[in-house]
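J.: Sending over a structure as structure tokens; questions will come in a sec.
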Amino acid sequence: MINEIEQVALRAARAAGRIHLKRLSRITINRKSNSIDLVTEADRESEAAIIEVIHRAFPTHAILAEESGASAHQSDHRWIIDPLDGTTNFAHGYPQFCVSIAYERRGRLQFGVVFDALKKECFVAHRGQGARLNGKPIRVSATPNLCSALLCTGFAYDRRERRRFYLAFWEELMTRSQGIRRTGSAALDLAYVAAGRTDGFWEFGLKPWDVAAGALIVEEARGRATNMDGSEIDVAAANILATNGRLHDELVEAIAQTRPEADRRHAEMLREIKASA
């Protein structure tokens, strides 16, 4: 069955990718939760195309998708879909966005694909069968420690309200690592860890569709993807950390050590806002 799963997932990802490329030159933007949480016609059209492909092949499977939410029915088989990860990038014509599709059986991730149509890069992983980029096996980097690492991260949609909290981690890890990149697509950030292009990634406030496929790709590329505290990953837990494995515990510890200061800065900001109201 896994071969059929892969065929359907790749067919769905390519259908979404074609919509991304078609819509890139003519974008209509709307806002969701706030002024920086965007959705475009490409998000909706590509999600509809993905769901159509999946339902044609597997009409009884459940789906969890960013724009349309969760299926009403229950199933041992579930697809987790981000039709356009990096919407803000896409809306500005910045070339860092993708489609992310994961398949899980009985709550365990089995297959993931992250497809960047613009760069023609397709990252794929089967549980227990390794990870590939455009058909060729990929592995995480051999970077041995945090001070030699290139990290990537992102900021949640409440970043204006919690900016001091998030920036505390950026500031601390900027001094502990070789560098940090903020690209705007969590799915691609995870795929890049898997491909050895970066050595580690952390982000708060993510959703299952942001991380499900990418986390499996990291693990199958012999890296580690966990919750922020180093525990076994729960894609619904919102806070993720992924690395090449060699520096994982060091990054977990750095995040934990920074957390009290981040909380203090956020509390201080809330007091200042209340005092000025």
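The chains in the structure tokens are called A, B, ... from first to last as shown; in each chain the residues are counted from 1, and the ligands are counted from 1 in the order shown.
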Could you pull out all residues of region 70-218 of chain A with a DSSP call of strand (DSSP E or B) and give them as JSON, numbers by chain?
T.: {"A": [70, 77, 78, 79, 80, 81, 82, 83, 84, 85, 98, 99, 100, 101, 102, 103, 104, 105, 108, 109, 110, 111, 112, 113, 114, 115, 116, 121, 122, 123, 124, 125, 126, 130, 131, 132, 133, 136, 137, 150, 151, 152, 153, 179, 180, 181, 182, 200, 201, 202, 203]}
J.: For Ser148 (chain A), work out the shell of residues within 9 Å, counting only C-alpha atoms and skipping chain neighbours fewer than 4 positions away, then give it as number ranges by chain.
T.: A: 143-144, 176-179, 199
J.: Give me, as JSON, numbers by chain, all polymer residues having an atom no more than 6 Å from region 182-197 of chain A, counting only C-alpha atoms and skipping those fewer than 3 positions away in the same chain.
T.: {"A": [85, 86, 138, 139, 140, 141, 152, 153, 154, 210, 211, 214, 218, 221]}
J.: Which neighbours of Gly205 (chain A) fall inside 10 Å, counting only C-alpha atoms, when residues of the same chain fewer than 5 positions from it are skipped, and could you give them as a list in words?
T.: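 Listed by chain and then number, they are Gly154, Phe155, Ala156, Tyr157, Asp158, Arg159, Asp210, Ala236, Ala237, Ala238, Asn239 and Ile240 of chain A.
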J.: Kindly export the residues of the current selection with N, CA, C and O atoms, as a compact mmCIF listing (two decimals), in the first residue's frame.
T.:
# COMPACT_ATOMS: atom_id res chain seq x y z
N GLY A 154 11.86 30.25 13.02
CA GLY A 154 10.77 31.08 12.54
C GLY A 154 10.06 31.68 13.74
O GLY A 154 10.34 31.33 14.89
N PHE A 155 9.15 32.60 13.47
CA PHE A 155 8.41 33.28 14.52
C PHE A 155 6.92 33.11 14.29
O PHE A 155 6.42 33.26 13.18
N ALA A 156 6.18 32.82 15.35
CA ALA A 156 4.75 32.56 15.25
C ALA A 156 3.98 33.85 14.92
O ALA A 156 4.53 34.96 14.96
N TYR A 157 2.69 33.69 14.61
CA TYR A 157 1.88 34.83 14.21
C TYR A 157 1.58 35.78 15.36
O TYR A 157 1.09 36.90 15.13
N ASP A 158 1.88 35.40 16.60
CA ASP A 158 1.73 36.32 17.73
C ASP A 158 3.06 37.02 18.05
O ASP A 158 3.25 37.50 19.16
N ARG A 159 3.94 37.09 17.06
CA ARG A 159 5.28 37.62 17.32
C ARG A 159 5.29 39.08 17.73
O ARG A 159 6.21 39.52 18.42
N ASP A 210 2.40 22.09 9.53
CA ASP A 210 3.70 22.73 9.31
C ASP A 210 4.85 21.73 9.42
O ASP A 210 5.89 21.91 8.78
N ALA A 236 1.16 17.82 17.23
CA ALA A 236 0.15 18.76 17.71
C ALA A 236 0.65 19.62 18.87
O ALA A 236 -0.07 20.48 19.36
N ALA A 237 1.90 19.40 19.30
CA ALA A 237 2.40 20.07 20.50
C ALA A 237 2.88 21.49 20.25
O ALA A 237 3.19 22.21 21.19
N ALA A 238 2.99 21.91 18.99
CA ALA A 238 3.26 23.29 18.59
C ALA A 238 4.72 23.70 18.62
O ALA A 238 5.13 24.55 17.84
N ASN A 239 5.54 23.13 19.51
CA ASN A 239 6.92 23.58 19.65
C ASN A 239 7.87 22.45 19.25
O ASN A 239 7.88 21.39 19.86
N ILE A 240 8.69 22.70 18.22
CA ILE A 240 9.51 21.62 17.65
C ILE A 240 10.97 22.03 17.61
O ILE A 240 11.31 23.20 17.47
J.: Using only C-alpha atoms, which of A:Pro260, A:Asp82, A:Leu173, A:Glu4 sits nearest Leu206 (chain A)?
T.: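 Smallest distance to Leu206 (chain A) is found for A:Asp82.
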